[in-house]
>>> print(open('query24.cif').read())   # mmCIF, C-alpha atoms and all ligand atoms
data_upload
#
loop_
_atom_site.label_atom_id
_atom_site.label_comp_id
_atom_site.auth_asym_id
_atom_site.auth_seq_id
_atom_site.Cartn_x
_atom_site.Cartn_y
_atom_site.Cartn_z
CA MET L 1 29.22 104.57 -62.98
CA SER L 2 32.02 102.06 -63.15
CA VAL L 3 33.05 99.91 -60.21
CA GLU L 4 36.58 101.32 -60.49
CA PHE L 5 35.29 104.88 -60.14
CA GLU L 6 33.06 103.99 -57.18
CA ASN L 7 35.90 102.15 -55.46
CA ALA L 8 38.42 104.93 -56.02
CA TRP L 9 35.88 107.49 -54.73
CA TYR L 10 35.10 105.34 -51.69
CA ASP L 11 38.77 104.72 -50.81
CA LEU L 12 39.71 108.37 -51.10
CA ASN L 13 36.73 109.45 -48.98
CA LEU L 14 37.63 106.92 -46.30
CA ARG L 15 41.20 108.22 -46.18
CA LEU L 16 40.15 111.89 -46.15
CA ARG L 17 37.48 111.27 -43.49
CA GLU L 18 40.16 109.91 -41.16
CA LEU L 19 42.36 112.89 -41.90
CA GLU L 20 39.47 115.30 -41.27
CA SER L 21 38.74 113.75 -37.88
CA SER L 22 42.37 114.05 -36.78
CA ALA L 23 43.49 117.27 -38.51
CA GLY L 24 40.35 119.11 -39.67
CA LEU L 25 38.51 119.85 -42.90
CA ALA L 26 41.21 122.12 -44.35
CA ALA L 27 43.76 119.30 -44.06
CA ALA L 28 41.38 116.86 -45.77
CA LEU L 29 40.77 119.29 -48.64
CA HIS L 30 44.47 120.00 -48.96
CA GLU L 31 45.01 116.26 -49.34
CA LEU L 32 42.25 116.15 -51.98
CA GLU L 33 44.22 118.77 -53.92
CA THR L 34 47.48 116.83 -53.45
CA HIS L 35 45.76 113.69 -54.74
CA HIS L 36 44.71 115.51 -57.93
CA LEU L 37 48.11 117.15 -58.38
CA ASN L 38 49.77 113.72 -58.09
CA SER L 39 47.30 112.10 -60.46
CA GLY L 40 47.81 114.90 -63.00
CA PHE L 41 44.13 115.93 -62.99
CA ILE L 42 45.16 119.43 -61.98
CA ALA L 43 48.45 121.13 -62.74
CA ASN L 44 50.13 123.54 -60.39
CA SER L 45 49.40 126.53 -62.59
CA LEU L 46 49.48 129.20 -59.90
CA HIS L 47 53.00 130.21 -60.92
CA GLU L 48 51.45 131.49 -64.18
CA ILE L 49 49.52 134.04 -62.17
CA GLU L 50 51.01 137.50 -62.03
CA ARG L 51 49.75 139.60 -59.12
CA ARG L 52 50.18 143.35 -58.79
CA THR L 53 49.20 145.86 -56.14
CA PHE L 54 48.11 149.42 -56.98
CA TYR L 55 48.33 151.92 -54.13
CA HIS L 56 46.41 155.14 -53.69
CA PRO L 57 48.94 157.91 -54.49
CA HIS L 58 48.52 159.61 -51.09
CA ASN L 59 47.44 156.80 -48.80
CA SER L 60 49.33 153.50 -48.69
CA GLU L 61 46.57 151.97 -46.55
CA ARG L 62 44.36 151.99 -49.60
CA TYR L 63 45.16 149.70 -52.47
CA PHE L 64 43.66 147.28 -54.96
CA ARG L 65 45.11 144.22 -56.58
CA VAL L 66 45.02 142.73 -60.03
CA GLN L 67 45.86 139.19 -60.97
CA TYR L 68 46.62 138.24 -64.54
CA ASN L 69 45.53 134.64 -64.84
CA PRO L 70 45.49 133.42 -68.46
CA ARG L 71 44.04 130.01 -67.60
CA ARG L 72 40.87 131.63 -66.29
CA ALA L 73 39.94 132.42 -69.90
CA LEU L 74 39.40 128.67 -70.31
CA ARG L 75 36.90 128.61 -67.49
CA PHE L 76 33.32 129.03 -68.57
CA ALA L 77 30.28 126.92 -67.89
CA GLY L 78 30.42 123.75 -69.88
CA SER L 79 34.11 123.49 -70.60
CA ASP L 80 36.27 120.82 -69.08
CA ARG L 81 39.86 121.28 -67.96
CA ASN L 82 41.05 121.08 -71.56
CA GLY L 83 38.58 123.73 -72.67
CA THR L 84 36.31 121.27 -74.52
CA GLN L 85 32.71 122.43 -74.84
CA MET L 86 30.17 120.36 -72.97
CA PRO L 87 26.39 120.43 -73.16
CA VAL L 88 24.91 122.74 -70.53
CA GLY L 89 21.98 121.74 -68.31
CA GLU L 90 21.43 118.92 -65.88
CA LYS L 91 22.58 116.22 -68.30
CA GLY L 92 25.85 117.98 -68.95
CA CYS L 93 26.09 119.64 -65.54
CA PHE L 94 29.67 119.86 -64.44
CA LEU L 95 28.90 119.60 -60.78
CA CYS L 96 26.55 116.59 -60.78
CA ARG L 97 28.39 113.52 -59.55
CA ASP L 98 26.74 111.37 -62.21
CA ASN L 99 28.46 113.43 -64.91
CA ILE L 100 31.84 113.84 -63.30
CA GLU L 101 33.16 110.41 -64.20
CA TRP L 102 32.53 110.59 -67.95
CA GLN L 103 33.37 114.27 -68.25
CA GLN L 104 36.75 113.91 -66.58
CA GLN L 105 37.42 110.31 -67.66
CA GLY L 106 37.39 109.14 -64.04
CA ALA L 107 40.25 111.48 -63.12
CA GLN L 108 38.23 113.70 -60.77
CA LEU L 109 37.09 112.48 -57.38
CA GLY L 110 35.18 114.43 -54.76
CA TYR L 111 35.01 114.40 -50.99
CA ARG L 112 31.64 114.40 -49.27
CA VAL L 113 31.21 117.23 -46.75
CA GLU L 114 28.24 117.47 -44.39
CA THR L 115 27.07 120.69 -42.76
CA GLY L 116 24.39 119.14 -40.59
CA GLU L 117 21.27 119.87 -42.62
CA ARG L 118 22.79 119.60 -46.06
CA SER L 119 25.56 117.77 -47.92
CA TYR L 120 28.12 118.77 -50.54
CA TYR L 121 30.93 117.32 -52.60
CA ALA L 122 34.24 119.12 -52.39
CA LEU L 123 35.90 119.22 -55.82
CA THR L 124 39.24 120.69 -56.86
CA ASN L 125 39.03 123.60 -59.31
CA PRO L 126 41.16 123.09 -62.43
CA PHE L 127 41.27 126.89 -62.95
CA PRO L 128 42.41 128.16 -59.56
CA ILE L 129 42.59 131.83 -58.58
CA LEU L 130 44.38 131.17 -55.28
CA PRO L 131 45.96 128.11 -53.62
CA SER L 132 43.67 125.23 -52.68
CA HIS L 133 40.78 126.48 -54.78
CA ILE L 134 37.98 124.10 -53.87
CA VAL L 135 34.42 124.06 -55.17
CA ILE L 136 31.87 122.86 -52.61
CA ALA L 137 28.97 121.66 -54.75
CA SER L 138 25.59 120.55 -53.44
CA THR L 139 25.17 116.76 -53.69
CA GLU L 140 21.77 117.50 -55.30
CA HIS L 141 21.31 119.33 -58.59
CA HIS L 142 19.82 122.54 -57.22
CA THR L 143 19.80 126.12 -58.51
CA GLN L 144 22.46 128.61 -57.42
CA ASP L 145 19.79 131.32 -57.34
CA TRP L 146 18.26 132.60 -54.15
CA ARG L 147 14.60 132.34 -53.18
CA PHE L 148 14.14 136.09 -53.56
CA ARG L 149 14.16 135.40 -57.29
CA ASP L 150 13.33 131.73 -57.78
CA GLU L 151 10.76 129.96 -55.60
CA ASN L 152 12.89 126.79 -55.71
CA GLY L 153 15.94 128.82 -54.82
CA LEU L 154 18.11 129.04 -51.75
CA ASP L 155 16.95 130.19 -48.40
CA ILE L 156 19.39 132.92 -47.41
CA ALA L 157 19.55 131.77 -43.78
CA ASP L 158 20.51 128.22 -44.86
CA LEU L 159 23.08 129.60 -47.26
CA ILE L 160 24.70 131.78 -44.62
CA ASP L 161 24.60 128.97 -42.10
CA ASP L 162 26.50 126.62 -44.43
CA LEU L 163 28.99 129.25 -45.58
CA VAL L 164 29.80 130.35 -42.03
CA ARG L 165 30.02 126.79 -40.64
CA LEU L 166 32.37 125.74 -43.42
CA ALA L 167 34.52 128.86 -43.02
CA ASP L 168 34.70 128.14 -39.30
CA ARG L 169 36.00 124.64 -40.11
CA MET L 170 38.60 126.03 -42.54
CA PRO L 171 40.61 128.72 -40.77
CA GLY L 172 43.04 130.52 -43.07
CA HIS L 173 40.65 130.24 -46.01
CA LEU L 174 38.08 132.52 -47.63
CA GLY L 175 34.68 131.12 -48.60
CA PHE L 176 32.47 132.64 -51.29
CA TYR L 177 28.93 132.43 -52.50
CA ASN L 178 28.62 134.10 -55.90
CA GLY L 179 25.00 134.60 -56.89
CA VAL L 180 23.57 134.24 -60.39
CA ASP L 181 24.91 137.14 -62.53
CA GLY L 182 27.14 137.94 -59.55
CA GLY L 183 30.10 135.87 -60.70
CA ALA L 184 28.65 132.34 -60.67
CA SER L 185 30.00 130.48 -63.70
CA ILE L 186 27.61 127.54 -63.20
CA PRO L 187 24.27 129.11 -62.24
CA THR L 188 22.28 125.88 -62.47
CA HIS L 189 24.00 123.98 -59.64
CA LEU L 190 24.51 125.29 -56.13
CA HIS L 191 28.17 125.69 -55.24
CA LEU L 192 30.35 127.59 -52.81
CA GLN L 193 34.06 128.16 -53.30
CA PHE L 194 36.94 128.16 -50.87
CA VAL L 195 40.46 129.40 -51.43
CA GLN L 196 43.41 129.46 -49.11
CA ARG L 197 44.65 132.86 -48.04
CA PRO L 198 48.02 133.33 -49.83
CA ASP L 199 49.61 133.78 -46.41
CA ASN L 200 48.13 134.48 -43.01
CA ALA L 201 49.25 138.12 -43.07
CA THR L 202 47.79 138.98 -46.47
CA ARG L 203 44.69 141.13 -46.26
CA PHE L 204 42.42 141.97 -49.14
CA PRO L 205 41.45 145.62 -49.64
CA LEU L 206 37.87 145.00 -48.43
CA GLU L 207 39.17 143.38 -45.24
CA VAL L 208 41.36 146.41 -44.56
CA ALA L 209 38.42 148.77 -45.12
CA ALA L 210 36.19 146.64 -42.87
CA ARG L 211 38.76 146.55 -40.09
CA ALA L 212 38.86 150.36 -40.10
CA VAL L 213 35.15 150.61 -39.16
CA GLY L 214 35.34 148.03 -36.38
CA GLY L 215 33.62 144.72 -36.05
CA SER L 216 30.04 145.53 -34.96
CA ALA L 217 30.43 142.99 -32.14
CA GLY L 218 28.00 143.64 -29.31
CA THR L 219 25.50 145.32 -31.64
CA ASP L 220 22.69 143.64 -33.48
CA GLY L 221 23.23 145.11 -36.91
CA PRO L 222 26.20 144.92 -39.23
CA SER L 223 28.83 147.60 -39.69
CA PHE L 224 29.22 149.19 -43.11
CA VAL L 225 32.56 149.76 -44.77
CA GLU L 226 33.64 153.30 -45.60
CA HIS L 227 36.06 154.60 -48.22
CA TYR L 228 35.40 151.61 -50.43
CA PRO L 229 33.84 151.60 -53.92
CA LEU L 230 31.17 149.06 -52.91
CA ASP L 231 28.45 149.09 -50.25
CA VAL L 232 29.29 146.20 -47.93
CA ALA L 233 27.62 144.98 -44.72
CA VAL L 234 30.00 143.22 -42.32
CA TRP L 235 29.41 141.03 -39.28
CA VAL L 236 32.24 139.91 -37.02
CA GLY L 237 31.84 137.52 -34.13
CA ALA L 238 31.45 133.92 -33.05
CA PRO L 239 29.91 131.73 -35.78
CA ASP L 240 26.51 131.26 -34.05
CA ASP L 241 26.26 134.96 -33.38
CA VAL L 242 27.18 135.95 -36.94
CA VAL L 243 24.69 133.49 -38.45
CA ALA L 244 21.87 134.73 -36.21
CA ARG L 245 22.55 138.44 -36.68
CA ALA L 246 23.17 138.25 -40.43
CA SER L 247 20.07 136.12 -41.07
CA ARG L 248 17.92 138.49 -39.08
CA TRP L 249 19.27 141.58 -40.81
CA LEU L 250 18.98 140.04 -44.30
CA THR L 251 15.36 139.05 -43.65
CA HIS L 252 14.54 142.68 -42.83
CA TRP L 253 16.70 143.90 -45.70
CA SER L 254 14.82 141.69 -48.15
CA ASP L 255 11.47 142.95 -46.82
CA ARG L 256 12.58 146.55 -47.25
CA ASN L 257 13.90 145.87 -50.74
CA ARG L 258 11.11 143.65 -52.03
CA VAL L 259 10.38 145.82 -55.07
CA ARG L 260 13.91 145.57 -56.43
CA LEU L 261 14.91 142.06 -55.29
CA ASP L 262 14.08 140.66 -58.70
CA LYS L 263 16.95 142.64 -60.16
CA LEU L 264 19.48 141.78 -57.47
CA SER L 265 22.00 139.09 -56.80
CA ALA L 266 24.78 138.93 -54.19
CA ASN L 267 28.29 138.03 -53.18
CA ILE L 268 28.68 136.64 -49.67
CA ILE L 269 32.12 136.01 -48.21
CA ALA L 270 33.14 134.37 -44.93
CA SER L 271 36.57 133.95 -43.40
CA ARG L 272 38.21 132.98 -40.14
CA ASP L 273 41.90 133.51 -39.44
CA ILE L 274 44.08 130.72 -38.13
CA GLY L 275 44.01 130.86 -34.36
CA ALA L 276 41.14 133.39 -34.24
CA GLU L 277 37.90 132.77 -32.34
CA GLU L 278 35.85 135.17 -34.43
CA LEU L 279 35.07 135.15 -38.10
CA ALA L 280 33.91 137.82 -40.52
CA LEU L 281 30.99 137.71 -42.93
CA TYR L 282 30.55 140.19 -45.81
CA PHE L 283 27.40 140.83 -47.83
CA VAL L 284 27.35 142.76 -51.11
CA ALA L 285 24.24 143.20 -53.24
CA ARG L 286 24.78 143.00 -57.00
CA ASP L 287 22.86 144.25 -60.00
CA ARG L 288 22.01 141.28 -62.22
CA ALA L 289 22.40 143.50 -65.28
CA LYS L 290 26.08 144.07 -64.38
CA PRO L 291 27.91 140.77 -64.07
CA ARG L 292 31.21 142.41 -65.09
CA ALA L 293 33.14 145.40 -63.84
CA GLU L 294 33.17 148.17 -66.45
CA GLY L 295 36.12 147.78 -68.80
CA PHE L 296 36.95 144.24 -67.68
CA SER L 297 36.08 141.02 -69.46
CA GLY L 298 35.79 138.55 -66.59
CA LEU L 299 32.75 137.83 -64.44
CA ALA L 300 33.12 139.75 -61.19
CA GLY L 301 32.70 137.52 -58.14
CA GLY L 302 33.83 137.37 -54.54
CA LEU L 303 37.51 137.97 -55.26
CA GLU L 304 36.72 141.17 -57.19
CA VAL L 305 34.48 142.33 -54.35
CA LEU L 306 37.43 141.77 -52.00
CA GLY L 307 39.42 144.18 -54.16
CA GLU L 308 41.34 141.87 -56.49
CA LEU L 309 40.38 141.96 -60.16
CA VAL L 310 41.10 138.89 -62.25
CA MET L 311 42.24 139.55 -65.82
CA SER L 312 42.70 136.83 -68.35
CA SER L 313 42.60 138.34 -71.86
CA ALA L 314 45.62 139.37 -73.95
CA ASP L 315 44.18 142.87 -74.27
CA GLU L 316 44.01 143.23 -70.49
CA LYS L 317 47.58 141.97 -70.20
CA ASP L 318 48.68 144.70 -72.66
CA ARG L 319 46.88 147.37 -70.64
CA LEU L 320 48.52 146.08 -67.48
CA ASP L 321 51.97 146.13 -69.08
CA ASP L 322 51.72 149.53 -70.76
CA GLY L 323 50.71 151.22 -67.52
CA SER L 324 47.21 152.19 -68.61
CA ILE L 325 45.64 150.57 -65.53
CA GLY L 326 46.06 152.31 -62.19
CA TYR L 327 44.48 152.61 -58.75
CA PHE L 328 41.67 154.91 -59.87
CA ASP L 329 40.80 152.73 -62.88
CA ILE L 330 40.29 149.77 -60.59
CA GLU L 331 38.33 151.86 -58.12
CA ALA L 332 36.07 153.06 -60.95
CA ALA L 333 35.66 149.51 -62.27
CA LEU L 334 34.58 148.28 -58.84
CA ALA L 335 32.33 151.30 -58.35
CA SER L 336 30.53 150.32 -61.57
CA LEU L 337 29.30 147.24 -59.66
CA ARG L 338 28.05 149.23 -56.70
CA VAL L 339 24.50 148.67 -55.50
CA SER L 340 23.26 150.72 -52.57
CA LEU L 341 22.23 148.58 -49.60
CA ASP L 342 20.08 151.13 -47.87
CA GLU L 343 17.67 152.00 -50.66
CA GLY L 344 13.98 151.45 -50.02
ZN ZN L 401 24.17 119.54 -61.42
#
>>> encode(input="query24.cif", output="structure tokens")
Amino acid sequence: MSVEFENAWYDLNLRLRELESSAGLAAALHELETHHLNSGFIANSLHEIERRTFYHPHNSERYFRVQYNPRRALRFAGSDRNGTQMPVGEKGCFLCRDNIEWQQQGAQLGYRVETGERSYYALTNPFPILPSHIVIASTEHHTQDWRFRDENGLDIADLIDDLVRLADRMPGHLGFYNGVDGGASIPTHLHLQFVQRPDNATRFPLEVAARAVGGSAGTDGPSFVEHYPLDVAVWVGAPDDVVARASRWLTHWSDRNRVRLDKLSANIIASRDIGAEELALYFVARDRAKPRAEGFSGLAGGLEVLGELVMSSADEKDRLDDGSIGYFDIEAALASLRVSLDEG
């Protein structure tokens, strides 16, 4: 790595560290985004996104959203921000710091984030789905897969601990873990994603459904959403409490589901509102054979699970414009991803 790159990285981290200690992690990551907007590494492309809401014909409490986001078509493992193909694997890994300088010609810098046990680099996402789309990549090259499938994989308790702690430090944001074949575009390198909630009042369809069944606070187990196309376990509470309860439940869940774990992946989502003491954690099991919602081209990840489908192809844009996509089509598409939690 060049001295210039190391110096620029060091200076930015020093500045962001000071900002984090005075104003919090979200402010530091916002400044990371501003740095890359100013340098031209990322463009403010969110205005290209068209977002539409589809309501249930007889119940305005129930709705789904679609975003048409043409730039997302450029996002697949191994392509840089200009869409150039890169070799895949550790040598060409997009999220390894050693590769970031030459892949992005020194234009991309990261910010080191510690969670206590583990460390990450926060990186801006050149193909955002929501404001302040940040990738939180492990400082080590380490699989995205969980230990249920890969013996070198992630321990679910560690994963939940990091996701919840980071969400707690970033109120007003949503944090995602997308498992392998569950929306992860770079399955070889562990990464979480955070996006800013479009505004503090905006609720995603899953959050509305979860609120309707209550928060499960004061009980040991999760609550389960109803009237939603996916099976979702939800924990609400103080961060320590959520981590402890979710880890315990998932350990038992994995024991009960041992025979089918090999075929499963997951989406895990954590979020704390600005000014709120409690946060919410969502767990959705995914079928590794179904990385996409039926009839849609994109990989389905945490945002889709929340009830917002991302479309990026011209064909999908046509279907959106000619009125051939409606509430029940989206519901059916999401239901095609459904995996029962209580089997076994
Ligand atoms: Zn890597």
>>> atom_distance(input="query24.cif", atom1="CA of Asp262 (chain L)", atom2="CA of Met311 (chain L)")
29.1 Å
>>> residues_near_ligand(input="query24.cif", ligand="ligand ZN 401 (chain L)", cutoff="7 Å", atoms="only C-alpha atoms and all ligand atoms", output="PyMOL selection string")
chain L and resi 90+93-96+140-142+188-189
>>> closest_atom_pairs(input="query24.cif", of="region 126-231 of chain L", to="region 238-261 of chain L", cutoff="9 Å", atoms="all atoms listed in the file", output="Markdown table")
| residue | atom | partner | partner_atom | distance |
| --- | --- | --- | --- | --- |
| L:Phe148 | CA | L:Leu261 | CA | 6.3 |
| L:Arg149 | CA | L:Leu261 | CA | 7.0 |
| L:Ile156 | CA | L:Ser247 | CA | 7.1 |
| L:Ala157 | CA | L:Ser247 | CA | 5.2 |
| L:Asp158 | CA | L:Ser247 | CA | 8.8 |
| L:Ile160 | CA | L:Val243 | CA | 6.4 |
| L:Asp161 | CA | L:Val243 | CA | 5.8 |
| L:Val164 | CA | L:Pro239 | CA | 6.4 |
| L:Arg165 | CA | L:Pro239 | CA | 6.9 |
| L:Asp168 | CA | L:Pro239 | CA | 6.9 |
| L:Asp220 | CA | L:Arg245 | CA | 6.1 |
| L:Gly221 | CA | L:Trp249 | CA | 6.6 |
| L:Pro222 | CA | L:Ala246 | CA | 7.4 |
>>> residues_around(input="query24.cif", residues="Arg169 (chain L)", least_positions_apart="4", cutoff="8 Å", atoms="all atoms listed in the file", output="list in words")
Gly24, Leu25, Ala26 and Arg165 of chain L
>>> closest_residue(input="query24.cif", among="L:Val3, L:Ala314, L:Leu337, L:Leu159", to="Ala293 (chain L)", atoms="all atoms listed in the file")
L:Leu337
>>> residues_around(input="query24.cif", residues="Leu14 (chain L)", least_positions_apart="5", cutoff="12 Å", atoms="only C-alpha atoms", output="JSON list (two decimals) with C-alpha atoms, keeping the file's coordinate frame")
[["chain", "number", "residue", "atom", "x", "y", "z"],
["L", 7, "ASN", "CA", 35.90, 102.15, -55.46],
["L", 8, "ALA", "CA", 38.42, 104.93, -56.02],
["L", 9, "TRP", "CA", 35.88, 107.49, -54.73],
["L", 19, "LEU", "CA", 42.36, 112.89, -41.90],
["L", 20, "GLU", "CA", 39.47, 115.30, -41.27],
["L", 21, "SER", "CA", 38.74, 113.75, -37.88],
["L", 28, "ALA", "CA", 41.38, 116.86, -45.77],
["L", 32, "LEU", "CA", 42.25, 116.15, -51.98],
["L", 110, "GLY", "CA", 35.18, 114.43, -54.76],
["L", 111, "TYR", "CA", 35.01, 114.40, -50.99],
["L", 112, "ARG", "CA", 31.64, 114.40, -49.27]]
>>> residues_around(input="query24.cif", residues="Thr143 (chain L)", least_positions_apart="4", cutoff="8 Å", atoms="all atoms listed in the file", output="list in words")
Asn152, Gly153, Leu154, Pro187, Thr188, His189 and Leu190 of chain L
>>> atom_distance(input="query24.cif", atom1="CA of His30 (chain L)", atom2="CA of Leu299 (chain L)")
26.4 Å
>>> residues_near_point(input="query24.cif", point="(28.3, 154.8, -63.5)", cutoff="12 Å", atoms="only C-alpha atoms", output="list in words")
Pro229, Lys290, Ala293, Glu294, Gly295, Glu331, Ala332, Ala333, Leu334, Ala335, Ser336, Leu337, Arg338 and Val339 of chain L
>>> residues_near_point(input="query24.cif", point="(40.7, 149.1, -59.0)", cutoff="8 Å", atoms="all atoms listed in the file", output="NGL selection string")
:L and (54 or 63-66 or 307-309 or 326-334)
>>> atom_distance(input="query24.cif", atom1="CA of Phe176 (chain L)", atom2="CA of Leu29 (chain L)")
15.9 Å
>>> closest_residue(input="query24.cif", among="L:Ala107, L:Leu320, L:Val180, L:Ala300", to="Glu50 (chain L)", atoms="all atoms listed in the file")
L:Leu320
>>> residues_around(input="query24.cif", residues="Val284 (chain L)", least_positions_apart="3", cutoff="10 Å", atoms="all atoms listed in the file", output="number ranges by chain")
L: 178, 182, 230-234, 265-269, 302, 305, 337-341
>>> closest_residue(input="query24.cif", among="L:Glu207, L:Glu114, L:Asp155, L:Glu304", to="Ile136 (chain L)", atoms="only C-alpha atoms")
L:Glu114
>>> closest_residue(input="query24.cif", among="L:Lys317, L:His36, L:Arg147, L:Arg51", to="Pro126 (chain L)", atoms="all atoms listed in the file")
L:His36
>>> closest_residue(input="query24.cif", among="L:Arg71, L:His133, L:Arg118, L:Arg286", to="Gly298 (chain L)", atoms="all atoms listed in the file")
L:Arg71
>>> closest_residue(input="query24.cif", among="L:Ala73, L:Ala43, L:Leu123, L:Leu206", to="His227 (chain L)", atoms="all atoms listed in the file")
L:Leu206
>>> axis_aligned_box(input="query24.cif", around="region 110-129 of chain L", padding_each_side="6 Å", output="lines of an AutoDock Vina configuration file")
center_x = 31.9
center_y = 123.1
center_z = -51.8
size_x = 33.3
size_y = 29.4
size_z = 34.4
>>> residues_around(input="query24.cif", residues="Pro198 (chain L)", least_positions_apart="6", cutoff="12 Å", atoms="only C-alpha atoms", output="list of chain:residue names")
L:Leu46, L:Arg51, L:Ile129, L:Leu130, L:Pro131, L:Ser132, L:His133, L:Gly172, L:His173, L:Leu174, L:Phe204
>>> decode(input="query24.cif", residues="region 166-188 of chain L", atoms="N, CA and C atoms", output="mmCIF file, in the first residue's frame")
data_model
loop_
_atom_site.group_PDB
_atom_site.id
_atom_site.type_symbol
_atom_site.label_atom_id
_atom_site.label_comp_id
_atom_site.auth_asym_id
_atom_site.auth_seq_id
_atom_site.Cartn_x
_atom_site.Cartn_y
_atom_site.Cartn_z
ATOM 1 N N LEU L 166 -24.055 -2.540 17.375
ATOM 2 C CA LEU L 166 -23.880 -1.488 16.371
ATOM 3 C C LEU L 166 -25.185 -0.729 16.152
ATOM 4 N N ALA L 167 -26.302 -1.465 16.106
ATOM 5 C CA ALA L 167 -27.603 -0.801 15.929
ATOM 6 C C ALA L 167 -27.887 0.131 17.102
ATOM 7 N N ASP L 168 -27.483 -0.293 18.295
ATOM 8 C CA ASP L 168 -27.675 0.526 19.485
ATOM 9 C C ASP L 168 -26.870 1.834 19.380
ATOM 10 N N ARG L 169 -25.707 1.747 18.728
ATOM 11 C CA ARG L 169 -24.859 2.937 18.573
ATOM 12 C C ARG L 169 -25.292 3.813 17.399
ATOM 13 N N MET L 170 -26.235 3.310 16.594
ATOM 14 C CA MET L 170 -26.680 4.075 15.421
ATOM 15 C C MET L 170 -28.197 4.231 15.388
ATOM 16 N N PRO L 171 -28.752 4.957 16.366
ATOM 17 C CA PRO L 171 -30.207 5.141 16.356
ATOM 18 C C PRO L 171 -30.659 5.819 15.058
ATOM 19 N N GLY L 172 -31.845 5.424 14.598
ATOM 20 C CA GLY L 172 -32.351 5.994 13.338
ATOM 21 C C GLY L 172 -31.870 5.238 12.113
ATOM 22 N N HIS L 173 -31.153 4.146 12.341
ATOM 23 C CA HIS L 173 -30.658 3.319 11.238
ATOM 24 C C HIS L 173 -31.233 1.906 11.345
ATOM 25 N N LEU L 174 -31.110 1.166 10.266
ATOM 26 C CA LEU L 174 -31.461 -0.260 10.262
ATOM 27 C C LEU L 174 -30.198 -1.026 9.906
ATOM 28 N N GLY L 175 -29.896 -2.072 10.679
ATOM 29 C CA GLY L 175 -28.720 -2.895 10.404
ATOM 30 C C GLY L 175 -29.144 -4.266 9.919
ATOM 31 N N PHE L 176 -28.426 -4.801 8.941
ATOM 32 C CA PHE L 176 -28.776 -6.097 8.357
ATOM 33 C C PHE L 176 -27.609 -7.064 8.387
ATOM 34 N N TYR L 177 -27.917 -8.315 8.616
ATOM 35 C CA TYR L 177 -27.018 -9.401 8.220
ATOM 36 C C TYR L 177 -27.779 -10.201 7.184
ATOM 37 N N ASN L 178 -27.229 -10.308 5.984
ATOM 38 C CA ASN L 178 -27.807 -11.162 4.948
ATOM 39 C C ASN L 178 -26.924 -12.390 4.809
ATOM 40 N N GLY L 179 -27.485 -13.560 5.081
ATOM 41 C CA GLY L 179 -26.703 -14.783 4.995
ATOM 42 C C GLY L 179 -26.406 -15.185 3.554
ATOM 43 N N VAL L 180 -25.569 -16.197 3.409
ATOM 44 C CA VAL L 180 -25.207 -16.709 2.083
ATOM 45 C C VAL L 180 -26.465 -17.295 1.427
ATOM 46 N N ASP L 181 -26.736 -16.887 0.191
ATOM 47 C CA ASP L 181 -27.969 -17.231 -0.542
ATOM 48 C C ASP L 181 -29.207 -16.637 0.136
ATOM 49 N N GLY L 182 -28.977 -15.649 0.985
ATOM 50 C CA GLY L 182 -30.073 -14.911 1.619
ATOM 51 C C GLY L 182 -29.902 -13.422 1.332
ATOM 52 N N GLY L 183 -29.271 -13.108 0.212
ATOM 53 C CA GLY L 183 -29.125 -11.712 -0.181
ATOM 54 C C GLY L 183 -27.693 -11.194 -0.124
ATOM 55 N N ALA L 184 -26.768 -11.975 0.422
ATOM 56 C CA ALA L 184 -25.371 -11.515 0.494
ATOM 57 C C ALA L 184 -24.777 -11.492 -0.911
ATOM 58 N N SER L 185 -24.262 -10.326 -1.322
ATOM 59 C CA SER L 185 -23.664 -10.260 -2.660
ATOM 60 C C SER L 185 -22.192 -10.644 -2.617
ATOM 61 N N ILE L 186 -21.582 -10.599 -1.444
ATOM 62 C CA ILE L 186 -20.176 -11.017 -1.305
ATOM 63 C C ILE L 186 -20.123 -12.075 -0.204
ATOM 64 N N PRO L 187 -20.366 -13.350 -0.561
ATOM 65 C CA PRO L 187 -20.488 -14.387 0.468
ATOM 66 C C PRO L 187 -19.170 -14.796 1.110
ATOM 67 N N THR L 188 -18.049 -14.368 0.525
ATOM 68 C CA THR L 188 -16.761 -14.843 1.028
ATOM 69 C C THR L 188 -16.186 -13.962 2.142
#
